[in-house]
$ cat run04.cif   # mmCIF, C-alpha atoms
data_structure
#
loop_
_atom_site.label_atom_id
_atom_site.label_comp_id
_atom_site.auth_asym_id
_atom_site.auth_seq_id
_atom_site.Cartn_x
_atom_site.Cartn_y
_atom_site.Cartn_z
CA MET A 270 109.90 76.45 91.65
CA LEU A 271 107.52 79.16 92.84
CA PRO A 272 108.74 82.19 94.81
CA ARG A 273 108.23 81.92 98.57
CA GLY A 274 106.77 85.31 99.35
CA SER A 275 104.52 86.33 96.46
CA VAL A 276 102.79 84.31 93.74
CA ARG A 277 100.62 85.28 90.74
CA LEU A 278 99.30 82.40 88.62
CA ALA A 279 96.64 81.92 85.95
CA VAL A 280 95.24 78.92 84.06
CA LYS A 281 92.96 79.12 81.02
CA ALA A 282 90.40 76.67 82.38
CA LYS A 283 87.81 77.33 79.66
CA ALA A 284 90.09 75.77 77.05
CA TRP A 285 90.57 72.56 79.07
CA ASN A 286 88.84 69.52 77.63
CA PRO A 287 89.77 66.94 80.29
CA THR A 288 90.61 63.41 79.34
CA GLN A 289 89.40 60.65 81.64
CA GLN A 290 92.94 60.24 82.96
CA GLU A 291 93.32 63.97 83.69
CA TRP A 292 89.96 64.37 85.44
CA THR A 293 90.39 61.18 87.47
CA LEU A 294 93.88 62.21 88.58
CA ALA A 295 92.72 65.73 89.45
CA ALA A 296 89.94 64.32 91.63
CA GLN A 297 92.49 62.23 93.56
CA CYS A 298 94.57 65.35 94.26
CA ILE A 299 91.98 67.34 96.24
CA GLN A 300 90.24 66.80 99.57
CA SER A 301 87.12 64.64 99.53
CA GLU A 302 84.71 67.41 100.56
CA GLU A 303 85.93 69.59 97.69
CA LYS A 304 85.69 66.70 95.28
CA ASP A 305 82.06 66.21 96.32
CA ARG A 306 81.30 69.93 95.99
CA ILE A 307 82.79 70.06 92.48
CA GLY A 308 80.83 66.97 91.48
CA ARG A 309 77.57 68.81 92.22
CA PHE A 310 78.14 71.52 89.62
CA VAL A 311 75.59 71.33 86.82
CA PHE A 312 77.89 72.46 84.00
CA LYS A 313 81.38 71.37 83.00
CA LYS A 314 82.70 74.93 82.79
CA ASP A 315 81.99 75.53 86.48
CA ALA A 316 83.37 72.17 87.55
CA LYS A 317 86.57 72.77 85.56
CA SER A 318 87.13 76.22 87.05
CA ALA A 319 86.54 74.95 90.59
CA MET A 320 88.88 72.00 90.06
CA VAL A 321 91.65 74.20 88.66
CA GLY A 322 91.24 76.57 91.60
CA ARG A 323 91.62 73.83 94.20
CA LEU A 324 94.67 72.36 92.45
CA LEU A 325 96.28 75.81 92.20
CA ILE A 326 95.76 76.41 95.91
CA ARG A 327 97.36 73.11 96.94
CA ARG A 328 100.32 73.58 94.55
CA VAL A 329 101.02 77.09 95.78
CA VAL A 330 100.55 76.42 99.50
CA SER A 331 102.78 73.35 99.29
CA SER A 332 105.53 75.36 97.60
CA MET A 333 105.27 78.52 99.71
CA LEU A 334 105.21 76.67 103.02
CA ASN A 335 107.67 73.99 101.89
CA ILE A 336 105.45 71.11 102.98
CA PRO A 337 104.49 67.96 101.06
CA TYR A 338 101.51 68.31 98.73
CA HIS A 339 99.52 65.65 100.58
CA SER A 340 100.14 67.39 103.93
CA VAL A 341 98.35 70.61 102.96
CA LYS A 342 95.18 71.05 105.01
CA LEU A 343 92.56 73.41 103.58
CA GLY A 344 89.38 74.70 105.14
CA ARG A 345 86.98 77.62 104.82
CA THR A 346 86.05 80.54 107.03
CA ASP A 347 82.44 80.99 108.13
CA LYS A 348 82.06 83.29 105.11
CA GLY A 349 83.33 80.55 102.78
CA LYS A 350 86.81 81.89 102.04
CA PRO A 351 89.39 79.09 101.55
CA VAL A 352 92.23 79.13 104.10
CA THR A 353 95.22 76.97 105.05
CA LEU A 354 94.78 75.18 108.37
CA ASN A 355 97.30 74.33 111.07
CA ASP A 356 97.97 70.72 112.01
CA ASP A 357 95.00 70.80 114.38
CA GLY A 358 92.75 71.02 111.30
CA GLN A 359 90.84 73.92 112.87
CA THR A 360 92.76 77.20 113.12
CA PRO A 361 93.95 79.10 110.01
CA ARG A 362 97.68 79.57 109.43
CA LEU A 363 98.87 83.18 109.37
CA ASP A 364 101.95 82.70 107.17
CA CYS A 365 100.13 82.24 103.87
CA SER A 366 97.22 84.27 102.50
CA PHE A 367 95.78 83.39 99.10
CA ASN A 368 92.74 84.05 96.99
CA ILE A 369 91.38 82.66 93.73
CA SER A 370 88.94 84.07 91.20
CA HIS A 371 87.44 82.66 88.03
CA GLN A 372 85.35 84.31 85.37
CA GLY A 373 85.47 84.30 81.60
CA ASP A 374 88.33 82.15 80.33
CA TYR A 375 90.69 82.13 83.32
CA VAL A 376 91.20 81.00 86.88
CA ILE A 377 93.69 83.19 88.77
CA LEU A 378 95.44 82.85 92.11
CA ALA A 379 97.33 85.45 94.14
CA ALA A 380 99.22 84.55 97.32
CA GLU A 381 101.35 86.40 99.88
CA ASP A 382 103.26 85.32 102.98
CA CYS A 383 101.93 88.21 105.08
CA GLY A 384 98.79 90.31 105.43
CA GLN A 385 95.61 89.51 103.52
CA VAL A 386 95.23 89.16 99.77
CA GLY A 387 92.20 89.27 97.49
CA ALA A 388 91.97 88.76 93.72
CA ASP A 389 89.33 89.29 91.07
CA ILE A 390 89.04 88.86 87.31
CA MET A 391 86.34 89.99 84.87
CA LYS A 392 86.16 89.47 81.13
CA VAL A 393 85.27 92.65 79.26
CA GLU A 394 82.27 91.48 77.27
CA TRP A 395 78.82 92.74 76.40
CA PRO A 396 76.27 92.16 79.20
CA ARG A 397 73.85 89.38 78.31
CA LYS A 398 70.33 90.32 77.18
CA THR A 399 70.67 94.07 77.80
CA SER A 400 72.37 97.22 76.56
CA VAL A 401 75.48 98.55 78.28
CA GLN A 402 73.63 101.66 79.44
CA ASP A 403 70.75 99.62 80.89
CA PHE A 404 73.33 97.45 82.65
CA PHE A 405 74.92 100.56 84.14
CA ARG A 406 71.54 101.75 85.41
CA LEU A 407 71.05 98.41 87.18
CA MET A 408 74.47 98.74 88.80
CA SER A 409 74.23 102.46 89.57
CA ARG A 410 74.24 102.23 93.38
CA HIS A 411 77.48 100.23 93.56
CA LEU A 412 79.80 102.98 92.27
CA THR A 413 80.35 106.46 93.64
CA GLU A 414 79.82 109.64 91.65
CA LEU A 415 83.57 109.98 91.12
CA GLU A 416 83.79 106.40 89.83
CA TRP A 417 80.83 106.86 87.47
CA ALA A 418 82.53 110.01 86.19
CA ALA A 419 85.57 107.89 85.33
CA VAL A 420 83.32 105.45 83.46
CA ARG A 421 81.48 108.21 81.58
CA SER A 422 84.74 109.90 80.60
CA ARG A 423 85.14 107.27 77.88
CA SER A 424 83.31 107.68 74.60
CA GLY A 425 82.27 104.17 73.50
CA ASP A 426 80.18 101.53 75.27
CA MET A 427 82.97 98.96 75.37
CA GLU A 428 85.50 101.54 76.58
CA GLN A 429 83.10 102.52 79.38
CA LEU A 430 82.48 98.86 80.16
CA GLN A 431 86.20 98.22 80.58
CA VAL A 432 86.51 101.03 83.13
CA PHE A 433 83.43 99.72 84.96
CA TYR A 434 84.86 96.19 85.16
CA ARG A 435 88.20 97.60 86.31
CA ILE A 436 86.47 99.35 89.22
CA TRP A 437 84.33 96.28 89.92
CA CYS A 438 87.46 94.10 90.19
CA LEU A 439 88.99 96.58 92.61
CA LYS A 440 85.94 96.49 94.86
CA GLU A 441 85.57 92.71 94.74
CA SER A 442 89.26 92.15 95.49
CA VAL A 443 88.98 94.16 98.72
CA LEU A 444 85.86 92.29 99.86
CA LYS A 445 87.51 88.96 99.04
CA ALA A 446 90.71 89.81 100.90
CA PHE A 447 88.81 89.71 104.19
CA GLY A 448 86.09 87.31 103.09
CA THR A 449 83.37 89.92 103.58
CA GLY A 450 79.98 88.41 102.95
CA ILE A 451 77.02 89.68 100.95
CA GLY A 452 75.60 92.87 102.41
CA PHE A 453 78.65 95.14 102.41
CA GLU A 454 77.72 98.30 100.51
CA MET A 455 80.25 98.61 97.68
CA SER A 456 79.76 102.35 97.33
CA ARG A 457 81.53 102.75 100.69
CA LEU A 458 84.72 101.95 98.76
CA GLU A 459 85.90 104.65 96.36
CA PHE A 460 88.85 104.15 94.02
CA HIS A 461 91.05 106.88 92.62
CA MET A 462 92.78 105.75 89.43
CA ALA A 463 95.75 107.67 88.07
CA GLY A 464 94.39 107.67 84.52
CA THR A 465 96.65 104.90 83.25
CA ASP A 466 94.79 102.38 81.10
CA LEU A 467 95.40 98.74 81.94
CA SER A 468 97.64 96.75 79.64
CA PRO A 469 98.71 93.09 79.38
CA ASP A 470 102.28 94.36 79.14
CA GLU A 471 102.57 95.88 82.61
CA VAL A 472 101.24 95.91 86.16
CA THR A 473 99.77 99.21 87.37
CA SER A 474 100.06 100.00 91.08
CA THR A 475 99.03 103.66 91.45
CA THR A 476 95.35 103.22 92.32
CA THR A 477 94.36 104.29 95.84
CA MET A 478 91.21 103.75 97.89
CA LYS A 479 89.03 105.60 100.37
CA VAL A 480 86.64 103.84 102.75
CA ASP A 481 83.75 106.02 103.88
CA GLY A 482 85.76 109.00 102.64
CA THR A 483 88.92 108.15 104.61
CA PRO A 484 92.17 107.15 102.81
CA ALA A 485 92.92 103.44 103.26
CA THR A 486 96.68 103.61 103.76
CA TYR A 487 97.36 99.92 104.38
CA TRP A 488 96.08 98.78 100.99
CA HIS A 489 98.13 98.14 97.85
CA PHE A 490 96.58 97.33 94.45
CA GLU A 491 98.04 95.64 91.40
CA GLU A 492 96.08 95.85 88.15
CA THR A 493 96.70 94.34 84.73
CA MET A 494 95.00 92.66 81.78
CA LEU A 495 95.02 88.98 80.82
CA GLU A 496 94.02 89.18 77.17
CA ASP A 497 90.60 90.90 77.41
CA HIS A 498 90.17 90.28 81.16
CA CYS A 499 90.63 92.96 83.86
CA VAL A 500 92.61 91.58 86.81
CA THR A 501 93.15 93.08 90.28
CA VAL A 502 95.11 91.92 93.29
CA ALA A 503 94.43 93.74 96.57
CA HIS A 504 96.87 93.30 99.43
CA TRP A 505 96.41 94.58 102.97
CA SER A 506 99.47 94.78 105.19
CA GLU A 507 100.86 97.13 107.81
CA ASN A 508 104.19 97.07 105.93
CA LEU A 509 103.79 98.04 102.28
CA ASP A 510 107.28 99.51 101.75
CA LYS A 511 108.35 96.95 99.17
CA TRP A 512 105.53 98.02 96.82
CA LYS A 513 106.00 101.78 97.03
CA THR A 514 106.43 103.45 93.62
CA PRO A 515 107.41 106.95 92.55
CA PRO A 516 104.49 109.40 92.18
CA GLY A 517 102.85 108.87 88.81
CA GLY A 518 104.76 105.63 88.23
CA ALA A 519 102.88 102.79 86.58
CA GLY A 520 104.56 99.99 88.42
CA SER A 521 107.61 98.69 90.23
CA ASP A 522 110.37 96.17 89.62
CA ASN A 523 108.93 94.27 92.59
CA LEU A 524 105.55 93.73 90.91
CA GLN A 525 104.87 90.38 89.31
CA ARG A 526 103.00 89.70 86.12
CA PHE A 527 100.74 86.69 86.17
CA MET A 528 102.46 83.50 85.11
CA VAL A 529 100.13 81.50 82.86
CA TRP A 530 100.29 77.74 83.34
CA SER A 531 98.94 75.06 81.06
CA ILE A 532 96.87 72.24 82.52
CA GLU A 533 99.86 69.96 82.01
CA GLU A 534 102.08 72.26 84.08
CA LEU A 535 99.47 72.42 86.82
CA LEU A 536 98.91 68.67 87.03
CA SER A 537 102.65 67.89 86.87
CA GLY A 538 103.12 69.14 90.41
CA CYS A 539 100.02 67.51 91.92
CA ALA A 540 99.91 64.11 93.60
CA PRO A 541 97.07 61.84 94.78
CA LEU A 542 96.25 62.33 98.43
CA LEU A 543 96.87 59.45 100.80
CA GLY A 544 94.15 56.83 100.46
CA SER A 545 92.55 58.32 97.34
CA LEU A 546 91.68 55.93 94.51
CA PRO A 547 90.64 56.42 90.87
CA ASP A 548 86.88 57.02 90.71
CA GLN A 549 85.27 55.86 87.48
CA ALA A 550 81.80 57.06 88.53
CA TYR A 551 83.17 60.55 89.19
CA TRP A 552 84.46 60.72 85.61
CA GLU A 553 81.20 59.44 84.18
CA ASN A 554 79.26 62.05 86.15
CA PHE A 555 81.46 64.81 84.72
CA ALA A 556 81.49 63.46 81.16
CA ALA A 557 77.68 63.42 81.04
CA LYS A 558 77.38 67.14 81.81
CA GLN A 559 76.74 69.91 79.32
CA GLU A 560 79.63 72.34 78.91
CA ALA A 561 77.58 75.49 79.62
CA PRO A 562 73.97 76.72 79.61
CA ALA A 563 72.46 76.95 76.15
CA LEU A 564 72.20 80.51 74.87
CA SER A 565 68.59 81.53 74.22
#

$ encode --input "run04.cif" --output "structure tokens"
Amino acid sequence: MLPRGSVRLAVKAKAWNPTQQEWTLAAQCIQSEEKDRIGRFVFKKDAKSAMVGRLLIRRVVSSMLNIPYHSVKLGRTDKGKPVTLNDDGQTPRLDCSFNISHQGDYVILAAEDCGQVGADIMKVEWPRKTSVQDFFRLMSRHLTELEWAAVRSRSGDMEQLQVFYRIWCLKESVLKAFGTGIGFEMSRLEFHMAGTDLSPDEVTSTTTMKVDGTPATYWHFEETMLEDHCVTVAHWSENLDKWKTPPGGAGSDNLQRFMVWSIEELLSGCAPLLGSLPDQAYWENFAAKQEAPALS
């Protein structure tokens, strides 16, 4: 049983090699428009991540709101952010905010019963077809001088890259919390990290943010590692008392680590939606795809 007020879940979607039964069942457990959207992905890896994300959303919303799985109604904002809809099928519910992110090996989901939540994950790996320093030059305008100083304070390329991805996840999580579209200048957000390196063994909550130079007091950040992936959850609320930590503290007893589910655990709580039938053609379309683009 998932907690009612706060959820942190992850699934290693990259490792999933769906059987026909698994993929067919999964397709019956999501809304038809999402099934169609997933079917249009060119590569299996993207289809798998999208499918896992939709199943995670339905599982979590069903549990948090204590409503039957098949009764969950999902939609999207005009910026494309998934939301839970009221019974009218139009207006978003305000008692459940969630966000998913997928990159590298994992799909993650964070959910809260108040405020707005955003999540982001980035695998710390060498940028494709370029050096780390050339990559940084391409990305130079997105970080502030203080943030670049934090990156440059590390000696090796991979150490610098990890700090960069940590900051990138922080910025993306804020934009995703409110579904901000392309065009928001990321350098308007500046993050002040307490110097604590991220670790898979704990959740760090001491990072603070300024927007256009002004402290953003209603924001709380949780940071951790999933293997070699940086993970951030950003939560905006006018009442952040339950997350407050002592000065210099790395975390709080109230902070949750991500629970990692297997595909079997995810599918065990899903159920075909009313009227959905097994779709042989949908499986054949998926099975014919290449896993990922060929590396040149």

$ residues_around --input "run04.cif" --residues "range 451-467 of chain A" --least-positions-apart "5" --cutoff "6 Å" --atoms "only C-alpha atoms" --output "number ranges by chain"
A: 411-413, 476-481, 493

$ resolve_selection --input "run04.cif" --expression "the PyMOL selection byres ((chain A and resi 535) around 10)" --output "list in words"
Ala279, Val280, Ala295, Val321, Leu324, Leu325, Arg328, Val529, Trp530, Ser531, Ile532, Glu533, Glu534, Leu536, Ser537, Gly538 and Cys539 of chain A

$ resolve_selection --input "run04.cif" --expression "the PyMOL selection byres ((chain A and resi 330) around 12)" --output "PyMOL selection string"
chain A and resi 271-276+323-329+331-343+351-354+362+364-368+378-382+538-539

$ resolve_selection --input "run04.cif" --expression "the PyMOL selection byres ((chain A and resi 550-562) around 8)" --output "tab-separated table (two decimals) with C-alpha atoms, in the coordinates of the input"
chain	number	residue	atom	x	y	z
A	289	GLN	CA	89.40	60.65	81.64
A	292	TRP	CA	89.96	64.37	85.44
A	293	THR	CA	90.39	61.18	87.47
A	308	GLY	CA	80.83	66.97	91.48
A	311	VAL	CA	75.59	71.33	86.82
A	312	PHE	CA	77.89	72.46	84.00
A	313	LYS	CA	81.38	71.37	83.00
A	314	LYS	CA	82.70	74.93	82.79
A	548	ASP	CA	86.88	57.02	90.71
A	549	GLN	CA	85.27	55.86	87.48
A	563	ALA	CA	72.46	76.95	76.15
A	564	LEU	CA	72.20	80.51	74.87

$ residues_near_point --input "run04.cif" --point "(89.1, 90.4, 90.6)" --cutoff "8 Å" --atoms "all atoms listed in the file" --output "NGL selection string"
:A and (370 or 387-391 or 437-439 or 441-442 or 499-502)

$ atom_distance --input "run04.cif" --atom1 "CA of Ala319 in chain A" --atom2 "CA of Leu407 in chain A"
28.3 Å

$ residues_around --input "run04.cif" --residues "Lys350 in chain A" --least-positions-apart "5" --cutoff "10 Å" --atoms "all atoms listed in the file" --output "ChimeraX atom specification"
/A:344-345,367-369,445-450

$ closest_residue --input "run04.cif" --among "A:Glu416, A:Asp347, A:Glu428, A:Glu491" --to "Trp505 in chain A" --atoms "all atoms listed in the file"
A:Glu491

$ atom_distance --input "run04.cif" --atom1 "CA of Gly425 in chain A" --atom2 "CA of Leu444 in chain A"
29.1 Å

$ closest_residue --input "run04.cif" --among "A:Ser301, A:Glu291, A:Glu492, A:Arg421" --to "Leu543 in chain A" --atoms "all atoms listed in the file"
A:Ser301

$ atom_distance --input "run04.cif" --atom1 "CA of Phe405 in chain A" --atom2 "CA of Asp426 in chain A"
10.4 Å

$ closest_residue --input "run04.cif" --among "A:Gly349, A:Pro287, A:Gly373, A:Pro541" --to "Lys392 in chain A" --atoms "all atoms listed in the file"
A:Gly373

$ decode --input "run04.cif" --residues "range 306-319 of chain A" --atoms "N, CA and C atoms" --output "PDB file, in the first residue's frame"
ATOM      1  N   ARG A 306      -0.517   7.221 -28.542  1.00  0.00           N
ATOM      2  CA  ARG A 306       0.693   8.055 -28.521  1.00  0.00           C
ATOM      3  C   ARG A 306       1.934   7.184 -28.337  1.00  0.00           C
ATOM      4  N   ILE A 307       1.865   6.220 -27.431  1.00  0.00           N
ATOM      5  CA  ILE A 307       2.995   5.324 -27.187  1.00  0.00           C
ATOM      6  C   ILE A 307       3.288   4.468 -28.415  1.00  0.00           C
ATOM      7  N   GLY A 308       2.240   4.067 -29.109  1.00  0.00           N
ATOM      8  CA  GLY A 308       2.418   3.246 -30.303  1.00  0.00           C
ATOM      9  C   GLY A 308       3.145   3.956 -31.424  1.00  0.00           C
ATOM     10  N   ARG A 309       3.200   5.302 -31.374  1.00  0.00           N
ATOM     11  CA  ARG A 309       3.866   6.057 -32.433  1.00  0.00           C
ATOM     12  C   ARG A 309       5.369   6.253 -32.188  1.00  0.00           C
ATOM     13  N   PHE A 310       5.861   5.848 -31.023  1.00  0.00           N
ATOM     14  CA  PHE A 310       7.297   5.965 -30.794  1.00  0.00           C
ATOM     15  C   PHE A 310       8.061   5.069 -31.761  1.00  0.00           C
ATOM     16  N   VAL A 311       9.189   5.567 -32.227  1.00  0.00           N
ATOM     17  CA  VAL A 311       9.982   4.833 -33.216  1.00  0.00           C
ATOM     18  C   VAL A 311      10.764   3.707 -32.569  1.00  0.00           C
ATOM     19  N   PHE A 312      11.272   3.937 -31.338  1.00  0.00           N
ATOM     20  CA  PHE A 312      12.142   2.954 -30.700  1.00  0.00           C
ATOM     21  C   PHE A 312      11.489   2.363 -29.454  1.00  0.00           C
ATOM     22  N   LYS A 313      11.825   1.093 -29.188  1.00  0.00           N
ATOM     23  CA  LYS A 313      11.271   0.398 -28.040  1.00  0.00           C
ATOM     24  C   LYS A 313      11.588   1.102 -26.735  1.00  0.00           C
ATOM     25  N   LYS A 314      12.812   1.628 -26.597  1.00  0.00           N
ATOM     26  CA  LYS A 314      13.210   2.213 -25.320  1.00  0.00           C
ATOM     27  C   LYS A 314      12.293   3.374 -24.939  1.00  0.00           C
ATOM     28  N   ASP A 315      11.885   4.162 -25.920  1.00  0.00           N
ATOM     29  CA  ASP A 315      11.004   5.290 -25.637  1.00  0.00           C
ATOM     30  C   ASP A 315       9.583   4.828 -25.344  1.00  0.00           C
ATOM     31  N   ALA A 316       9.131   3.821 -26.074  1.00  0.00           N
ATOM     32  CA  ALA A 316       7.795   3.282 -25.826  1.00  0.00           C
ATOM     33  C   ALA A 316       7.712   2.656 -24.436  1.00  0.00           C
ATOM     34  N   LYS A 317       8.756   1.933 -24.031  1.00  0.00           N
ATOM     35  CA  LYS A 317       8.769   1.298 -22.713  1.00  0.00           C
ATOM     36  C   LYS A 317       8.735   2.342 -21.601  1.00  0.00           C
ATOM     37  N   SER A 318       9.544   3.381 -21.735  1.00  0.00           N
ATOM     38  CA  SER A 318       9.576   4.418 -20.696  1.00  0.00           C
ATOM     39  C   SER A 318       8.227   5.117 -20.590  1.00  0.00           C
ATOM     40  N   ALA A 319       7.622   5.433 -21.734  1.00  0.00           N
ATOM     41  CA  ALA A 319       6.322   6.103 -21.722  1.00  0.00           C
ATOM     42  C   ALA A 319       5.253   5.201 -21.111  1.00  0.00           C
TER      43      ALA A 319
END
